[in-house]
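Pasted below: run.txt, compact mmCIF, C-alpha atoms.
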# COMPACT_ATOMS: atom_id res chain seq x y z
CA MET A 1 99.41 103.23 176.63
CA GLN A 2 95.81 103.19 177.80
CA SER A 3 96.23 99.58 178.91
CA ILE A 4 98.81 100.92 181.37
CA LYS A 5 97.13 104.24 182.20
CA PRO A 6 93.44 104.38 181.17
CA GLY A 7 92.30 107.75 179.93
CA ILE A 8 95.71 108.93 178.75
CA THR A 9 95.71 110.79 175.44
CA LEU A 10 98.50 111.70 173.06
CA PRO A 11 98.60 115.30 171.77
CA TYR A 12 99.70 116.14 168.26
CA TRP A 13 102.28 118.74 167.33
CA ASP A 14 100.75 120.98 164.67
CA TRP A 15 103.98 122.23 163.12
CA THR A 16 102.00 124.09 160.43
CA ILE A 17 101.24 126.82 163.00
CA ASP A 18 104.87 127.97 163.27
CA TRP A 19 105.96 126.63 159.89
CA LYS A 20 108.00 129.71 158.95
CA VAL A 21 110.23 129.66 162.06
CA PRO A 22 109.66 126.29 163.75
CA GLU A 23 112.46 126.77 166.28
CA ASP A 24 110.42 129.61 167.84
CA THR A 25 107.49 127.33 168.69
CA VAL A 26 106.76 126.70 172.37
CA VAL A 27 107.10 122.98 171.60
CA LEU A 28 110.83 123.52 171.01
CA SER A 29 111.36 125.64 174.10
CA PRO A 30 112.58 125.02 177.66
CA LYS A 31 108.92 124.92 178.70
CA MET A 32 108.33 121.75 176.70
CA PHE A 33 110.66 119.52 174.68
CA GLY A 34 113.71 121.72 174.80
CA THR A 35 115.67 123.76 172.30
CA ASN A 36 118.60 122.87 170.06
CA GLY A 37 121.36 120.68 171.44
CA ASN A 38 124.33 122.15 173.29
CA SER A 39 127.93 122.18 172.05
CA LYS A 40 127.87 118.38 172.14
CA ASN A 41 124.38 118.35 170.53
CA CYS A 42 122.87 117.00 173.77
CA VAL A 43 119.37 118.21 174.67
CA SER A 44 120.04 120.18 177.85
CA ASP A 45 116.76 121.92 178.67
CA GLY A 46 113.05 121.18 178.68
CA ILE A 47 111.45 117.92 179.78
CA GLU A 48 114.05 115.89 177.88
CA ASN A 49 116.99 117.52 179.63
CA GLY A 50 119.54 114.83 180.47
CA TRP A 51 117.71 112.04 178.65
CA ILE A 52 119.86 109.05 177.70
CA LYS A 53 119.07 106.99 174.63
CA LYS A 54 119.91 103.28 174.63
CA PHE A 55 120.29 102.57 170.91
CA PRO A 56 122.50 102.25 168.91
CA ASN A 57 124.68 103.21 171.87
CA GLU A 58 124.08 104.72 175.29
CA THR A 59 124.58 108.47 174.96
CA CYS A 60 122.64 111.66 175.54
CA LEU A 61 119.59 112.40 173.41
CA LYS A 62 120.87 114.61 170.60
CA ARG A 63 119.33 117.42 168.57
CA ASP A 64 121.20 119.32 165.87
CA TYR A 65 119.17 121.81 163.84
CA ARG A 66 119.79 121.59 160.12
CA TYR A 67 120.98 125.20 159.71
CA GLY A 68 122.84 125.74 162.96
CA ASN A 69 120.33 127.68 165.06
CA SER A 70 117.49 127.14 162.59
CA THR A 71 115.50 124.08 161.56
CA GLY A 72 114.55 125.66 158.27
CA SER A 73 110.89 126.20 157.42
CA PHE A 74 108.31 123.40 157.43
CA TRP A 75 105.09 123.04 155.41
CA PRO A 76 102.12 125.39 155.98
CA MET A 77 98.66 123.84 156.28
CA TYR A 78 97.74 125.30 152.90
CA ALA A 79 100.43 123.17 151.25
CA VAL A 80 99.43 120.08 153.26
CA ASN A 81 95.82 120.52 152.17
CA SER A 82 96.90 121.06 148.57
CA LEU A 83 98.62 117.68 148.77
CA ILE A 84 95.44 116.13 150.17
CA GLU A 85 93.50 117.62 147.25
CA LYS A 86 95.63 115.69 144.76
CA LYS A 87 93.85 112.61 143.48
CA SER A 88 95.90 109.73 144.83
CA ASN A 89 95.67 106.27 146.30
CA PHE A 90 97.19 105.49 149.68
CA GLU A 91 100.48 104.29 148.20
CA GLU A 92 101.08 107.59 146.40
CA PHE A 93 99.74 109.71 149.25
CA SER A 94 101.93 108.05 151.88
CA SER A 95 105.00 108.43 149.65
CA ASN A 96 104.22 112.13 149.16
CA ILE A 97 103.89 112.66 152.91
CA GLU A 98 106.96 110.61 153.76
CA ASN A 99 109.18 112.50 151.33
CA GLY A 100 107.60 115.87 152.01
CA CYS A 101 106.00 117.38 155.11
CA HIS A 102 106.82 114.39 157.34
CA GLY A 103 110.46 114.00 156.37
CA ILE A 104 111.30 117.69 156.52
CA VAL A 105 110.47 117.82 160.25
CA HIS A 106 112.77 114.89 161.04
CA LEU A 107 115.64 116.36 159.04
CA GLY A 108 115.01 119.89 160.32
CA LEU A 109 115.43 118.91 163.96
CA GLY A 110 118.43 116.75 163.10
CA GLY A 111 120.42 114.76 165.62
CA ASP A 112 118.67 111.59 166.75
CA PHE A 113 115.39 112.86 165.29
CA SER A 114 116.84 112.42 161.80
CA LYS A 115 117.94 108.83 162.41
CA PRO A 116 116.05 105.52 162.21
CA TRP A 117 116.04 105.44 166.04
CA ALA A 118 114.10 108.72 166.28
CA PRO A 119 111.33 107.13 168.45
CA GLN A 120 113.69 107.44 171.42
CA ASP A 121 112.80 111.14 171.36
CA ALA A 122 109.31 111.53 172.86
CA LEU A 123 108.61 114.35 170.40
CA PHE A 124 108.55 111.66 167.70
CA PHE A 125 105.11 110.53 168.86
CA LEU A 126 103.63 114.03 168.80
CA HIS A 127 104.98 114.48 165.28
CA HIS A 128 103.49 111.19 164.14
CA SER A 129 100.16 112.03 165.76
CA MET A 130 100.14 115.04 163.44
CA VAL A 131 100.87 112.75 160.48
CA ASP A 132 97.99 110.57 161.65
CA MET A 133 95.69 113.61 161.55
CA ILE A 134 96.83 114.38 158.00
CA TRP A 135 96.00 110.81 157.05
CA ALA A 136 92.55 111.24 158.61
CA LEU A 137 92.04 114.44 156.60
CA TRP A 138 93.02 112.61 153.41
CA GLN A 139 90.56 109.82 154.20
CA ALA A 140 87.76 112.29 154.88
CA ARG A 141 88.31 114.12 151.58
CA ASP A 142 86.79 111.18 149.67
CA ILE A 143 83.02 111.40 150.16
CA THR A 144 82.58 107.76 149.03
CA GLY A 145 84.44 106.55 152.12
CA SER A 146 86.65 104.23 150.05
CA ARG A 147 89.85 105.63 151.54
CA TYR A 148 88.98 104.03 154.87
CA SER A 149 89.94 100.70 153.29
CA ASP A 150 92.80 101.86 151.04
CA ILE A 151 96.13 100.43 152.25
CA ASN A 152 99.47 99.36 150.81
CA GLY A 153 102.29 97.31 152.24
CA ILE A 154 104.41 94.18 152.04
CA LEU A 155 104.88 91.89 155.04
CA LYS A 156 108.26 90.51 156.08
CA ASN A 157 107.40 87.16 154.51
CA GLY A 158 106.67 88.88 151.19
CA ASP A 159 102.87 88.68 151.39
CA ILE A 160 100.76 91.72 150.53
CA ALA A 161 99.07 93.29 153.54
CA THR A 162 95.27 93.18 153.57
CA MET A 163 92.59 94.58 155.84
CA ASP A 164 92.56 91.22 157.65
CA THR A 165 96.30 91.23 158.35
CA VAL A 166 96.91 91.06 162.10
CA LEU A 167 99.30 93.70 163.43
CA PRO A 168 102.27 92.26 165.36
CA TYR A 169 102.30 92.91 169.12
CA TYR A 170 98.76 94.37 169.07
CA ASN A 171 96.88 91.26 167.94
CA LYS A 172 94.38 93.42 166.04
CA SER A 173 93.62 93.48 162.34
CA ILE A 174 94.52 96.46 160.17
CA SER A 175 90.80 97.00 159.52
CA THR A 176 90.27 97.98 163.18
CA GLN A 177 92.84 100.78 162.88
CA MET A 178 91.64 102.49 159.71
CA ASN A 179 89.20 104.92 161.30
CA THR A 180 89.75 107.12 164.35
CA LEU A 181 86.04 106.83 165.13
CA SER A 182 86.02 103.03 165.19
CA LEU A 183 84.97 101.29 168.39
CA VAL A 184 88.57 100.18 168.93
CA ASN A 185 90.04 103.68 168.61
CA CYS A 186 87.20 106.11 169.35
CA TYR A 187 89.08 109.42 169.19
CA ILE A 188 88.67 112.59 167.17
CA TYR A 189 90.95 115.45 166.22
CA GLU A 190 90.16 119.02 167.23
CA GLU A 191 90.30 120.03 163.56
CA PHE A 192 87.22 117.90 162.89
CA MET A 193 85.29 119.10 165.94
CA HIS A 194 85.33 122.83 165.24
CA ASN A 195 85.00 122.98 161.47
CA LYS A 196 81.51 122.92 159.98
CA ALA A 197 82.88 121.69 156.65
CA PHE A 198 83.00 118.14 157.99
CA VAL A 199 80.00 115.87 157.55
CA TYR A 200 79.43 112.83 159.75
CA SER A 201 77.74 109.76 158.35
CA LYS A 202 77.18 106.18 159.39
CA ARG A 203 79.49 103.78 157.60
CA ASN A 204 77.98 100.62 159.00
CA ASP A 205 76.23 99.44 162.15
CA LYS A 206 79.36 99.92 164.22
CA GLU A 207 81.09 103.14 163.28
CA LEU A 208 80.83 106.66 161.93
CA VAL A 209 83.06 108.34 159.35
CA TYR A 210 83.63 111.99 158.58
CA THR A 211 83.98 113.57 155.15
CA TYR A 212 84.28 117.09 153.80
CA PRO A 213 82.92 117.60 150.29
CA THR A 214 84.63 120.92 149.44
CA ASN A 215 88.22 122.02 148.99
CA TYR A 216 89.41 122.49 152.56
CA ASN A 217 91.83 125.26 151.59
CA SER A 218 88.87 127.56 151.01
CA HIS A 219 88.50 127.61 154.79
CA TYR A 220 91.90 129.22 155.15
CA SER A 221 91.46 131.78 152.39
CA ARG A 222 88.04 132.83 153.76
CA ASN A 223 89.20 133.48 157.29
CA GLY A 224 92.24 135.45 156.18
CA LYS A 225 94.76 133.16 157.82
CA PHE A 226 97.16 133.66 154.93
CA GLY A 227 97.82 136.70 152.80
CA LYS A 228 100.45 138.72 150.96
CA ASN A 229 101.88 140.03 154.22
CA ASN A 230 102.55 136.50 155.44
CA THR A 231 106.22 136.62 154.41
CA PHE A 232 108.97 134.11 155.07
CA GLU A 233 112.70 133.87 154.48
CA SER A 234 112.99 130.68 152.44
CA TYR A 235 110.90 127.93 150.93
CA PRO A 236 110.77 124.60 152.75
CA GLN A 237 112.98 122.02 151.09
CA ILE A 238 114.64 118.72 151.89
CA GLN A 239 118.28 118.67 150.85
CA ILE A 240 120.35 115.66 149.85
CA SER A 241 122.11 114.22 152.89
CA SER A 242 123.16 110.95 154.46
CA ASP A 243 120.29 111.31 156.94
CA MET A 244 117.82 111.57 154.07
CA LYS A 245 119.06 108.26 152.71
CA SER A 246 119.17 106.53 156.10
CA MET A 247 115.52 107.41 156.64
CA GLY A 248 114.60 105.82 153.32
CA LEU A 249 113.60 109.00 151.51
CA LYS A 250 113.68 108.86 147.71
CA LEU A 251 115.54 111.60 145.83
CA THR A 252 113.11 111.77 142.90
CA LYS A 253 110.10 112.02 145.19
CA VAL A 254 111.87 114.50 147.49
CA ASN A 255 112.55 116.79 144.54
CA GLU A 256 108.93 116.46 143.44
CA MET A 257 107.67 117.43 146.91
CA ASN A 258 110.14 120.33 147.17
CA GLU A 259 108.69 121.75 143.98
CA PHE A 260 105.13 121.01 145.10
CA VAL A 261 105.40 122.93 148.39
CA ARG A 262 107.11 125.83 146.65
CA ASN A 263 104.26 126.11 144.14
CA ALA A 264 101.64 125.76 146.88
CA ILE A 265 103.17 128.60 148.91
CA ALA A 266 103.43 130.80 145.82
CA GLU A 267 99.72 130.21 145.24
CA MET A 268 98.94 130.81 148.91
CA VAL A 269 100.51 134.27 149.03
CA ALA A 270 99.48 135.37 145.52
Rewritten as structure tokens:
Amino acid sequence: MQSIKPGITLPYWDWTIDWKVPEDTVVLSPKMFGTNGNSKNCVSDGIENGWIKKFPNETCLKRDYRYGNSTGSFWPMYAVNSLIEKKSNFEEFSSNIENGCHGIVHLGLGGDFSKPWAPQDALFFLHHSMVDMIWALWQARDITGSRYSDINGILKNGDIATMDTVLPYYNKSISTQMNTLSLVNCYIYEEFMHNKAFVYSKRNDKELVYTYPTNYNSHYSRNGKFGKNNTFESYPQIQISSDMKSMGLKLTKVNEMNEFVRNAIAEMVA
């Protein structure tokens, strides 16, 4: 995007702020990306009012909340951080995110957002910027810095992806995209700027990395962000559906993450 419009930045949607009642967030209001779809599930207010998607057929952009007028609850930051605290490699971590706090947002908004062609909704990119921040938090939690080179993936030709693998369309290696503070990326999340728990160190002659050596959830318990009065109607959970399968979510892992977030919230409000 910056090659087209230098200086442009992409905000992230922190859905942990309004996790209990996501449909009440200003992000899902007429002031921003619009509310639930109309009687035909078409987005009819906000900046996406009247948008037409091109794939798999040319129709209005659709949104269909999972529970009628409600998306269902999402994950609170306490639960996200609890997931980060789990000892895991990138393969396990990405699977946990995909089948947990990432997937529940897609399925909660429903409509086109719960389909493989979700990127036709601009909100997709704000959601994935949030996922990118969670990845950065996970990387920073390892004070050795080894998570900045931990990847997993299989290429279309069957080869295993490495740090030297060149990304299609971008003509840049994976290694250049592993750190938000690299010379290629050079951006930082607000969460890192205002929290004294993060420590900056020099990784090599070209880039800095940030780490935080203590359990990040202690930050939330100290400042009283959560407590026994922080009530909610239902635990976040992904339910079995055709959309879940079309997005590639795994039932066993989904059930594991449903239980994980439930336990994390129980601990949070205890």
Of the residues A:Pro30, A:Gly111, A:Pro6, A:Gly158, which is the one nearest to Arg66 (chain A), using only C-alpha atoms?
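Checking each of A:Pro30, A:Gly111, A:Pro6, A:Gly158 against Arg66 (chain A), counting only C-alpha atoms, the winner is A:Gly111.
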I'd like to know which of A:Asn255, A:Ser29, A:Ser246, A:Thr16 is closest to Trp75 (chain A), using only C-alpha atoms.
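Answer, going by the shortest atom-to-atom distance: A:Thr16.
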Spatial neighbours of Asp45 (chain A), max dist 10 Å, all atoms listed in the file, sep filter under 5 positions, as JSON, numbers by chain:
{"A": [28, 29, 30, 31, 32, 33, 34, 35, 36, 37, 38, 50, 51]}
Mind giving me the straight-line distance from CA of Trp19 (chain A) to CA of Met247 (chain A) in Å, one decimal?
21.7 Å
Nearest residue to Val80 (chain A) from the set A:Met178, A:Arg262, A:Tyr170, A:Val43 (distances using only C-alpha atoms)
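Closest residue, counting only C-alpha atoms: A:Arg262.
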Could you jot down the CA of Asn171 (chain A) to CA of Ile8 (chain A) separation for me, Å, one decimal place?
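So the answer is 20.7 Å.
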Which is closer to Lys87 (chain A) than all the others in A:Glu23, A:Arg141, A:Asn157, A:Ser242, using all atoms listed in the file?
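Going through A:Glu23, A:Arg141, A:Asn157, A:Ser242 one by one, the smallest distance to Lys87 (chain A) is for A:Arg141.
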Of A:Ala266, A:Ile160, A:Val184, A:Ile47, the one nearest to Asp121 (chain A) when counting all atoms listed in the file is A:Ile47
Just to confirm, what's the straight-line distance from CA of Thr71 (chain A) to CA of Leu109 (chain A) in Å (one decimal)?
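Value for the CA of Thr71 (chain A)-CA of Leu109 (chain A) distance: 5.7 Å.
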Can you list, as a ChimeraX atom specification, every protein, DNA or RNA residue that comes within 9 Å of Phe74 (chain A) when you count only C-alpha atoms, leaving out same-chain residues fewer than 2 positions away?
/A:15-16,18-22,71-72,76,101,104-105,108,235-237
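Proximity of A:Asp150, A:Asp243, A:Asp142, A:Asp132 to Glu92 (chain A), computed with all atoms listed in the file, is greatest for A:Asp150.
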May I have the protein, DNA and RNA residues with any atom at most 9 Å from the point (100.1, 119.6, 169.7), counting only C-alpha atoms, written as a PDB file with C-alpha atoms, keeping the file's coordinate frame?
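The result, written out as result.pdb:
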ATOM      1  CA  LEU A  10      98.500 111.700 173.060  1.00  0.00           C
ATOM      2  CA  PRO A  11      98.600 115.300 171.770  1.00  0.00           C
ATOM      3  CA  TYR A  12      99.700 116.140 168.260  1.00  0.00           C
ATOM      4  CA  TRP A  13     102.280 118.740 167.330  1.00  0.00           C
ATOM      5  CA  ASP A  14     100.750 120.980 164.670  1.00  0.00           C
ATOM      6  CA  TRP A  15     103.980 122.230 163.120  1.00  0.00           C
ATOM      7  CA  VAL A  27     107.100 122.980 171.600  1.00  0.00           C
ATOM      8  CA  LEU A 126     103.630 114.030 168.800  1.00  0.00           C
ATOM      9  CA  HIS A 127     104.980 114.480 165.280  1.00  0.00           C
ATOM     10  CA  SER A 129     100.160 112.030 165.760  1.00  0.00           C
ATOM     11  CA  MET A 130     100.140 115.040 163.440  1.00  0.00           C
TER      12      MET A 130
END
Residues proximal to (116.1, 104.9, 153.5) were defined as those with any atom within 12 Å of that point in the file's coordinates, counting all atoms listed in the file. Which are they, as a PyMOL selection string?
chain A and resi 98-99+103+114-116+241-251
Just the residues within 12 Å of Thr176 (chain A), please, counting all atoms listed in the file, with nothing from its chain fewer than 4 positions along; format it as a ChimeraX atom specification.
/A:148-149,162-167,170-172,180-186,206-207
